[in-house]
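Heads up: the structure comes next, in structure tokens.
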Amino acid sequence: MKITIFGTGYVGLVTGTCFAEAGNDVLCVDIDEERIEQLNDGEVPIYEPGLEDMLACNMDEGRLRFTTDAAEGVAHGQFQFIAVGTPPDEDGSADLSHVLAVARTIGEHIDDYRVVVDKSTVPVGTADRVHAAILEAMEARGVDVAFDVVSNPEFLKEGAAIEDFMKPDRIIVGAENPAAVALMRDLYAPFNRNHDRLIFMDVRSAELTKYASNAMLATKISFMNELSNLAERLGADIEEVRRGMGSDPRIGYHFIYPGCGYGGSCFPKDVQALARTARQAHYEPELLDAVEAVNHRQKRHLVRRIRHYFEDNLERRTFALWGLAFKPNTDDMREAPSRVIMEALWDAGARVRAYDPEAQDEAARLYPDEAGLELCGSPYDALEGADALIICTEWQVFRSPDFDRMRRLLSEPVIFDGRNLYDPEKMLAAGFVYYGIGRGESVDTLI
Ligand code: UDX
């Protein structure tokens with residue numbers, strides 16, 4: 001099948017590459033000339049395991065091409081995927097200007113039936129606006145061509161996006177015209193094996209499903225973070241509580257890990273955007289607001305703990321920090337807890353020696369002039385002479401380190417662990433002062 005993808009960001013690239021891998025003829029379009037040039041040279045601008053190889057292989061086979069020519073894009077694919085960015089604007093709602101610009105472009109060039117697929121995470125009602133924008137541009141040309149707009153939200157996790165696309169748990173399609181439903185079924189047939197993973201519904205429900213899923217996951221995390229703060233005050237261990245709760249199949253073990261707050265490009269943005277949508281629909285989203293507020297507070301939790309430990313004097317102290325990315329297996333630092341923590345430390349006059357297996361270039365890009373940031377060659381380098389270690393991301397390499405070596409390198413054997421990687425009793429026995437999240441010891445009387 002012939003497929004056009006507008007937008008070569010994270011979602012567009014993964015979607016285009018995976019469709020090509022299934023044997024389709026895919027053309028990816030972007031207005032960013034430099035990016036298209038890079039991609040045509042086989043350079044992948046994002047870190048995603050497996051993507052670079054799969055992309056190169058499909059380019060070699062001629063199934064995957066990149067262009068800035070939008071007219072060629074509209075002419076190419078029976079399916080026109082819109083996978084451009086929807087950054088939050090000032091009030092937290094999703095900015096649809098890129099999505100609607102693509103819709104107008106499609107309307108300006110369409111000359112045969114097309115299925116226009118909203119892949120970007122867009123507020124409920126966007127498909128109607130995309131439909132209207134295409135119609136308007138088409139009418140301005142005095143033509144009348146049939147098309148359908150369907151919603152097909154992505155559920156890709158960074159770091160596992162290829163796997164998630166090739167072996168999805170579910171494929172949500174909001175489509176109302178039976179012709180579009182049939183085409184979407186054919187398109188996804190290669191990814192719909194063993195049992196039916198395609199769930200068809202009306203367009204608005206599909207749009208809401210995406211926000212609802214992410215908001216539910218964010219709610220689970222904020223709930224656990226709230227409970228972890230309570231556990232600290234009550235002398236309970238949230239890790240025990242988590243194990244006990246997760247064993248109830250109605251609750252489950254997924255996404256109930258307490259930590260230093262959720263980050264990334266989806267959860268913070270989607271929770272805010274859904275709250276905004278609720279307000280526009282004259283509904284006060286009390287739970288969503290609380291999820292957001294708890295997360296905001298949680299990102300500062302370790303900072304409060306560190307301040308308390310060092311009696312509110314961080315001036316000229318040095319902190320080792322392990323993990324800059326918002327989660328393991330990505331170089332993405334969007335909304336990462338590490339940023340909130342580092343920025344608070346710098347404001348208080350401290351320095352940070354950081355190590356991350358993938359995100360150091362990104363940190364250098366985000367903080368080019370920050371004298372208080374030193375990026376180190378290994379986890380152990382970061383520890384040299386530091387007053388304490390702060391752990392922000394649960395990269396696998398941090399799980400079983402050489403504790404003796406760590407103790408020798410740190411000037412004080414203190415660890416603030418935002419991901420509960422270690423056993424507090426063992427850490428105590430190994431001679432560390434160790435603080436996790438929600439592990440029965442509270443110093444927070446302020447919140
Ligand atoms: C998420 C959704 O999982 C995905 O389905 C959607 O399409 C996009 O948003 P992603 O942002 O890549 O994917 O990250 P995810 O693995 O979901 O983690 C999000 C954040 O939650 C991370 O900061 C992570 O550290 C945090 N988290 C996750 C917790 O703090 N505790 C948990 O139990 C799980």
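In the structure tokens, the first chain shown is A, the next is B, and so on; residue numbers restart at 1 for each chain, and ligands run from 1 in the order shown.
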From the DSSP assignment of the backbone, select every residue of region 43-247 of chain A that is strand (DSSP E), and format the answer as a ChimeraX atom specification.
/A:64-67,79-82,114-118,147-151,171-174,198-201
Got time to write the residues from that selection, N, CA and C atoms, as a PDB file, in the first residue's frame?
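After the write, part_0.pdb holds the following:
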ATOM      1  N   LEU A  64      11.189   3.230   1.623  1.00  0.00           N
ATOM      2  CA  LEU A  64      11.067   4.360   2.547  1.00  0.00           C
ATOM      3  C   LEU A  64      11.853   5.532   1.982  1.00  0.00           C
ATOM      4  N   ARG A  65      11.132   6.635   1.721  1.00  0.00           N
ATOM      5  CA  ARG A  65      11.794   7.813   1.153  1.00  0.00           C
ATOM      6  C   ARG A  65      11.396   9.062   1.931  1.00  0.00           C
ATOM      7  N   PHE A  66      12.217  10.105   1.794  1.00  0.00           N
ATOM      8  CA  PHE A  66      11.980  11.357   2.528  1.00  0.00           C
ATOM      9  C   PHE A  66      11.999  12.531   1.567  1.00  0.00           C
ATOM     10  N   THR A  67      11.077  13.458   1.759  1.00  0.00           N
ATOM     11  CA  THR A  67      11.015  14.620   0.874  1.00  0.00           C
ATOM     12  C   THR A  67      10.473  15.838   1.607  1.00  0.00           C
ATOM     13  N   PHE A  79      -3.143   6.598   1.998  1.00  0.00           N
ATOM     14  CA  PHE A  79      -3.232   6.970   3.409  1.00  0.00           C
ATOM     15  C   PHE A  79      -2.339   8.179   3.634  1.00  0.00           C
ATOM     16  N   GLN A  80      -2.892   9.205   4.256  1.00  0.00           N
ATOM     17  CA  GLN A  80      -2.124  10.410   4.562  1.00  0.00           C
ATOM     18  C   GLN A  80      -2.089  10.547   6.076  1.00  0.00           C
ATOM     19  N   PHE A  81      -0.973  10.161   6.662  1.00  0.00           N
ATOM     20  CA  PHE A  81      -0.859  10.247   8.127  1.00  0.00           C
ATOM     21  C   PHE A  81      -0.403  11.637   8.550  1.00  0.00           C
ATOM     22  N   ILE A  82      -1.088  12.196   9.527  1.00  0.00           N
ATOM     23  CA  ILE A  82      -0.629  13.462  10.105  1.00  0.00           C
ATOM     24  C   ILE A  82       0.046  13.128  11.436  1.00  0.00           C
ATOM     25  N   ARG A 114      -8.702   9.894  -0.477  1.00  0.00           N
ATOM     26  CA  ARG A 114      -7.629   9.724   0.506  1.00  0.00           C
ATOM     27  C   ARG A 114      -8.232   9.434   1.883  1.00  0.00           C
ATOM     28  N   VAL A 115      -7.520   8.571   2.644  1.00  0.00           N
ATOM     29  CA  VAL A 115      -7.862   8.419   4.056  1.00  0.00           C
ATOM     30  C   VAL A 115      -6.852   9.250   4.831  1.00  0.00           C
ATOM     31  N   VAL A 116      -7.323  10.286   5.488  1.00  0.00           N
ATOM     32  CA  VAL A 116      -6.439  11.160   6.263  1.00  0.00           C
ATOM     33  C   VAL A 116      -6.472  10.664   7.706  1.00  0.00           C
ATOM     34  N   VAL A 117      -5.299  10.328   8.232  1.00  0.00           N
ATOM     35  CA  VAL A 117      -5.238   9.679   9.542  1.00  0.00           C
ATOM     36  C   VAL A 117      -4.574  10.605  10.564  1.00  0.00           C
ATOM     37  N   ASP A 118      -5.303  10.984  11.597  1.00  0.00           N
ATOM     38  CA  ASP A 118      -4.710  11.768  12.689  1.00  0.00           C
ATOM     39  C   ASP A 118      -3.947  10.824  13.603  1.00  0.00           C
ATOM     40  N   PHE A 147     -12.943  12.187   0.626  1.00  0.00           N
ATOM     41  CA  PHE A 147     -11.885  11.800   1.580  1.00  0.00           C
ATOM     42  C   PHE A 147     -12.525  11.486   2.919  1.00  0.00           C
ATOM     43  N   ASP A 148     -11.802  10.752   3.765  1.00  0.00           N
ATOM     44  CA  ASP A 148     -12.259  10.498   5.124  1.00  0.00           C
ATOM     45  C   ASP A 148     -11.164  10.914   6.091  1.00  0.00           C
ATOM     46  N   VAL A 149     -11.584  11.381   7.260  1.00  0.00           N
ATOM     47  CA  VAL A 149     -10.603  11.666   8.317  1.00  0.00           C
ATOM     48  C   VAL A 149     -10.832  10.657   9.426  1.00  0.00           C
ATOM     49  N   VAL A 150      -9.790   9.920   9.789  1.00  0.00           N
ATOM     50  CA  VAL A 150      -9.921   8.946  10.878  1.00  0.00           C
ATOM     51  C   VAL A 150      -8.908   9.272  11.974  1.00  0.00           C
ATOM     52  N   SER A 151      -9.219   8.811  13.172  1.00  0.00           N
ATOM     53  CA  SER A 151      -8.309   9.010  14.293  1.00  0.00           C
ATOM     54  C   SER A 151      -7.651   7.671  14.623  1.00  0.00           C
ATOM     55  N   ILE A 171      -4.899  -1.573  18.649  1.00  0.00           N
ATOM     56  CA  ILE A 171      -4.818  -0.534  17.625  1.00  0.00           C
ATOM     57  C   ILE A 171      -6.183   0.144  17.631  1.00  0.00           C
ATOM     58  N   ILE A 172      -6.195   1.390  18.055  1.00  0.00           N
ATOM     59  CA  ILE A 172      -7.469   2.116  18.169  1.00  0.00           C
ATOM     60  C   ILE A 172      -7.723   2.875  16.871  1.00  0.00           C
ATOM     61  N   VAL A 173      -8.861   2.669  16.276  1.00  0.00           N
ATOM     62  CA  VAL A 173      -9.209   3.408  15.062  1.00  0.00           C
ATOM     63  C   VAL A 173     -10.597   4.019  15.223  1.00  0.00           C
ATOM     64  N   GLY A 174     -10.625   5.326  15.122  1.00  0.00           N
ATOM     65  CA  GLY A 174     -11.916   6.023  15.108  1.00  0.00           C
ATOM     66  C   GLY A 174     -12.254   6.342  13.668  1.00  0.00           C
ATOM     67  N   LEU A 198      -7.513  -4.870  16.684  1.00  0.00           N
ATOM     68  CA  LEU A 198      -8.101  -3.638  16.154  1.00  0.00           C
ATOM     69  C   LEU A 198      -9.397  -3.324  16.884  1.00  0.00           C
ATOM     70  N   ILE A 199      -9.476  -2.110  17.392  1.00  0.00           N
ATOM     71  CA  ILE A 199     -10.708  -1.695  18.079  1.00  0.00           C
ATOM     72  C   ILE A 199     -11.248  -0.479  17.335  1.00  0.00           C
ATOM     73  N   PHE A 200     -12.376  -0.690  16.666  1.00  0.00           N
ATOM     74  CA  PHE A 200     -12.993   0.419  15.915  1.00  0.00           C
ATOM     75  C   PHE A 200     -14.027   1.118  16.782  1.00  0.00           C
ATOM     76  N   MET A 201     -14.108   2.414  16.606  1.00  0.00           N
ATOM     77  CA  MET A 201     -15.090   3.207  17.363  1.00  0.00           C
ATOM     78  C   MET A 201     -15.324   4.513  16.624  1.00  0.00           C
TER      79      MET A 201
END
Can you pull out every residue within 9 Å of region 92-101 of chain A, counting only C-alpha atoms, but drop anything in the same chain fewer than 6 positions away, and send it as a short mmCIF file (atom, residue, chain, number, x, y, z; two decimals) with N, CA and C atoms, in the first residue's frame?
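What landed in selection-v8.cif:
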data_model
loop_
_atom_site.label_atom_id
_atom_site.label_comp_id
_atom_site.auth_asym_id
_atom_site.auth_seq_id
_atom_site.Cartn_x
_atom_site.Cartn_y
_atom_site.Cartn_z
N ILE A 82 -1.09 12.20 9.53
CA ILE A 82 -0.63 13.46 10.10
C ILE A 82 0.05 13.13 11.44
N ALA A 83 1.37 13.30 11.45
CA ALA A 83 2.14 12.94 12.66
C ALA A 83 3.06 14.09 13.04
N VAL A 84 2.55 15.31 12.90
CA VAL A 84 3.35 16.48 13.27
C VAL A 84 3.14 16.80 14.75
N GLY A 85 3.97 17.69 15.26
CA GLY A 85 3.95 17.98 16.70
C GLY A 85 2.71 18.78 17.13
N THR A 86 2.33 18.57 18.39
CA THR A 86 1.26 19.36 18.99
C THR A 86 1.76 19.88 20.34
N ASP A 118 -5.30 10.98 11.60
CA ASP A 118 -4.71 11.77 12.69
C ASP A 118 -3.95 10.82 13.60
N SER A 120 -1.12 12.21 15.43
CA SER A 120 -0.67 13.06 16.53
C SER A 120 -1.70 13.00 17.65
N THR A 121 -1.23 13.26 18.87
CA THR A 121 -2.18 13.31 19.99
C THR A 121 -2.89 14.65 19.95
N VAL A 122 -4.17 14.59 19.62
CA VAL A 122 -4.91 15.84 19.40
C VAL A 122 -6.19 15.84 20.22
N PRO A 123 -6.63 17.02 20.65
CA PRO A 123 -7.84 17.08 21.48
C PRO A 123 -9.08 16.56 20.76
N THR A 126 -10.67 17.37 17.02
CA THR A 126 -9.69 17.80 16.01
C THR A 126 -9.99 17.22 14.64
N ARG A 129 -12.08 19.40 12.77
CA ARG A 129 -11.38 20.62 12.30
C ARG A 129 -10.48 20.30 11.11
N VAL A 130 -9.86 19.12 11.14
CA VAL A 130 -9.03 18.70 10.01
C VAL A 130 -9.92 18.55 8.78
N ALA A 133 -10.78 21.95 7.45
CA ALA A 133 -9.64 22.64 6.82
C ALA A 133 -9.36 22.07 5.42
N ILE A 134 -9.50 20.75 5.29
CA ILE A 134 -9.28 20.14 3.97
C ILE A 134 -10.37 20.63 2.99
N LYS A 269 2.17 16.76 29.30
CA LYS A 269 1.44 17.51 28.28
C LYS A 269 -0.01 17.02 28.16
N ASP A 270 -0.19 15.71 28.17
CA ASP A 270 -1.54 15.17 27.94
C ASP A 270 -2.46 15.39 29.13
N GLN A 272 -2.27 17.90 31.20
CA GLN A 272 -2.64 19.32 31.13
C GLN A 272 -3.65 19.59 30.04
N ALA A 273 -3.42 18.98 28.88
CA ALA A 273 -4.33 19.25 27.74
C ALA A 273 -5.73 18.69 28.02
N LEU A 274 -5.79 17.54 28.67
CA LEU A 274 -7.11 16.97 28.97
C LEU A 274 -7.85 17.83 30.00
N ALA A 275 -7.10 18.35 30.98
CA ALA A 275 -7.72 19.25 31.96
C ALA A 275 -8.27 20.49 31.27
N ARG A 276 -7.50 20.96 30.33
CA ARG A 276 -7.91 22.15 29.58
C ARG A 276 -9.19 21.86 28.77
N THR A 277 -9.19 20.71 28.11
CA THR A 277 -10.37 20.31 27.33
C THR A 277 -11.59 20.23 28.24
#
Please extract the residues of region 356-387 of chain A with a backbone DSSP assignment of alpha helix (DSSP H) and present them as a VMD selection string.
chain A and resid 360 to 366 379 to 383
Okay, now the selection with N, CA and C atoms, as a tab-separated table (two decimals), in the first residue's frame?
chain	number	residue	atom	x	y	z
A	360	GLN	N	23.67	12.73	27.58
A	360	GLN	CA	24.61	13.81	27.90
A	360	GLN	C	24.68	14.87	26.81
A	361	ASP	N	24.58	14.46	25.55
A	361	ASP	CA	24.58	15.47	24.46
A	361	ASP	C	23.37	16.37	24.61
A	362	GLU	N	22.25	15.75	24.97
A	362	GLU	CA	21.03	16.53	25.14
A	362	GLU	C	21.19	17.53	26.30
A	363	ALA	N	21.82	17.09	27.39
A	363	ALA	CA	22.05	17.98	28.53
A	363	ALA	C	22.95	19.15	28.11
A	364	ALA	N	23.97	18.85	27.31
A	364	ALA	CA	24.89	19.90	26.85
A	364	ALA	C	24.13	20.89	25.96
A	365	ARG	N	23.19	20.36	25.19
A	365	ARG	CA	22.40	21.23	24.31
A	365	ARG	C	21.45	22.13	25.13
A	366	LEU	N	20.87	21.54	26.18
A	366	LEU	CA	19.89	22.29	26.98
A	366	LEU	C	20.56	23.32	27.88
A	379	PRO	N	29.79	6.54	35.48
A	379	PRO	CA	29.09	6.78	36.74
A	379	PRO	C	30.07	7.06	37.87
A	380	TYR	N	31.22	6.40	37.84
A	380	TYR	CA	32.18	6.56	38.93
A	380	TYR	C	32.89	7.91	38.86
A	381	ASP	N	33.19	8.37	37.63
A	381	ASP	CA	33.79	9.71	37.47
A	381	ASP	C	32.92	10.75	38.15
A	382	ALA	N	31.60	10.60	37.97
A	382	ALA	CA	30.67	11.61	38.50
A	382	ALA	C	30.76	11.69	40.03
A	383	LEU	N	31.17	10.58	40.67
A	383	LEU	CA	31.17	10.53	42.13
A	383	LEU	C	32.36	11.24	42.77
Length of the CA of Asp112 (chain A) to CA of Asp69 (chain A) vector [Å]:
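Calculated distance between CA of Asp112 (chain A) and CA of Asp69 (chain A) is 17.9 Å.
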Residues at most 12 Å from Asp60 (chain A), counting only C-alpha atoms, excluding those fewer than 4 positions away in the same chain, as a CSV table (one decimal) with N, CA and C atoms, in the first residue's frame?
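Output contents, as saved in out.csv:
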chain,number,residue,atom,x,y,z
A,20,ALA,N,6.9,0.6,6.4
A,20,ALA,CA,7.8,0.2,5.3
A,20,ALA,C,8.3,-1.2,5.6
A,21,GLU,N,8.6,-1.5,6.9
A,21,GLU,CA,9.1,-2.8,7.2
A,21,GLU,C,8.1,-3.9,6.9
A,40,ASN,N,17.9,11.5,4.5
A,40,ASN,CA,18.3,10.9,3.2
A,40,ASN,C,19.7,10.4,3.3
A,41,ASP,N,20.5,11.0,4.2
A,41,ASP,CA,21.9,10.4,4.4
A,41,ASP,C,21.9,9.3,5.4
A,42,GLY,N,20.7,8.8,5.8
A,42,GLY,CA,20.6,7.7,6.7
A,42,GLY,C,20.8,8.1,8.2
A,53,ASP,N,18.8,1.0,12.2
A,53,ASP,CA,19.0,-0.2,11.3
A,53,ASP,C,17.8,-0.4,10.4
A,54,MET,N,16.6,-0.4,11.0
A,54,MET,CA,15.4,-0.7,10.3
A,54,MET,C,15.1,0.4,9.2
A,55,LEU,N,15.4,1.6,9.6
A,55,LEU,CA,15.3,2.7,8.6
A,55,LEU,C,16.2,2.5,7.4
A,56,ALA,N,17.5,2.2,7.7
A,56,ALA,CA,18.5,2.1,6.7
A,56,ALA,C,18.1,0.9,5.7
A,64,LEU,N,11.2,3.2,1.6
A,64,LEU,CA,11.1,4.4,2.5
A,64,LEU,C,11.9,5.5,2.0
A,65,ARG,N,11.1,6.6,1.7
A,65,ARG,CA,11.8,7.8,1.2
A,65,ARG,C,11.4,9.1,1.9
Per residue of chain A within 7 Å of ligand 1, which atom pair is closest and at what distance in Å (one decimal), using only C-alpha atoms and all ligand atoms, listed by chain and increasing number, as CSV?
residue,atom,partner,partner_atom_place_in_ligand_line,distance
A:Glu154,CA,ligand 1,7 (O),5.6
A:Phe155,CA,ligand 1,7 (O),3.4
A:Leu156,CA,ligand 1,7 (O),4.3
A:Lys157,CA,ligand 1,12 (O),3.6
A:Glu158,CA,ligand 1,12 (O),3.7
A:Gly159,CA,ligand 1,12 (O),6.9
A:Asn214,CA,ligand 1,2 (C),6.0
A:Ala218,CA,ligand 1,21 (O),6.9
A:Ile221,CA,ligand 1,31 (N),5.2
A:His254,CA,ligand 1,33 (O),6.1
A:Phe255,CA,ligand 1,33 (O),3.1
A:Ile256,CA,ligand 1,33 (O),4.1
A:Tyr257,CA,ligand 1,33 (O),3.4
A:Pro258,CA,ligand 1,31 (N),5.5
A:Gly259,CA,ligand 1,30 (O),5.0
A:Cys260,CA,ligand 1,30 (O),6.7
A:Gly261,CA,ligand 1,30 (O),5.3
A:Tyr262,CA,ligand 1,23 (O),3.6
A:Gly263,CA,ligand 1,23 (O),3.9
A:Gly264,CA,ligand 1,11 (O),4.7
A:Ser265,CA,ligand 1,11 (O),5.6
A:Cys266,CA,ligand 1,9 (O),4.4
A:Phe267,CA,ligand 1,9 (O),5.7
A:Phe326,CA,ligand 1,23 (O),4.7
A:Lys327,CA,ligand 1,25 (O),4.6
A:Ala336,CA,ligand 1,23 (O),6.6
Quick one: distance from CA of Arg405 (chain A) to CA of Ala386 (chain A) in Å, one decimal?
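Taking CA of Arg405 (chain A) and CA of Ala386 (chain A), their separation equals 13.2 Å.
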Could you check which of A:Arg305, A:Arg439, A:Arg141, A:His131 is closest to Leu227 (chain A), using only C-alpha atoms?
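Of the candidates, the smallest distance to Leu227 (chain A) is held by A:Arg439.
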For Leu183 (chain A), which residue among A:Leu230, A:Met1, A:Met245, A:Val26 is the nearest when counting only C-alpha atoms?
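Of A:Leu230, A:Met1, A:Met245, A:Val26, the one nearest Leu183 (chain A) is A:Met1, counting only C-alpha atoms.
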Which residue is closest to Val124 (chain A)? Choose from A:Ile3, A:Ala236, A:Gln280, A:Met138 and count only C-alpha atoms.
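Comparing A:Ile3, A:Ala236, A:Gln280, A:Met138 against Val124 (chain A), the winner is A:Gln280.
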Interatomic distance between CA of Ile31 (chain A) and CA of Thr209 (chain A)?
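Taking CA of Ile31 (chain A) and CA of Thr209 (chain A), their separation equals 29.4 Å.
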Non-local contacts of Cys376 (chain A) (7 Å; only C-alpha atoms; under 2 positions in same chain excluded) as number ranges by chain
A: 353-355, 374, 378, 381-382
Requested write-out: C-alpha atoms of the selected residues, as an mmCIF file, in the first residue's frame:
data_model
loop_
_atom_site.group_PDB
_atom_site.id
_atom_site.type_symbol
_atom_site.label_atom_id
_atom_site.label_comp_id
_atom_site.auth_asym_id
_atom_site.auth_seq_id
_atom_site.Cartn_x
_atom_site.Cartn_y
_atom_site.Cartn_z
ATOM 1 C CA ARG A 353 28.639 16.182 38.160
ATOM 2 C CA ALA A 354 26.270 14.183 35.970
ATOM 3 C CA TYR A 355 26.401 10.896 34.130
ATOM 4 C CA GLU A 374 29.962 18.901 34.493
ATOM 5 C CA SER A 378 31.349 7.192 33.693
ATOM 6 C CA ASP A 381 33.788 9.710 37.471
ATOM 7 C CA ALA A 382 30.674 11.607 38.503
#
Give me, as a VMD selection string, all polymer residues having an atom no more than 12 Å from Glu52 (chain A), counting only C-alpha atoms and skipping those fewer than 4 positions away in the same chain.
chain A and resid 13 to 14 17 to 18 39 41 to 48 56 to 59 162
Residue nearest Asn192 (chain A) - candidates A:Val102, A:Ala22, A:Met406, A:Cys28, atoms counted: only C-alpha atoms
A:Ala22
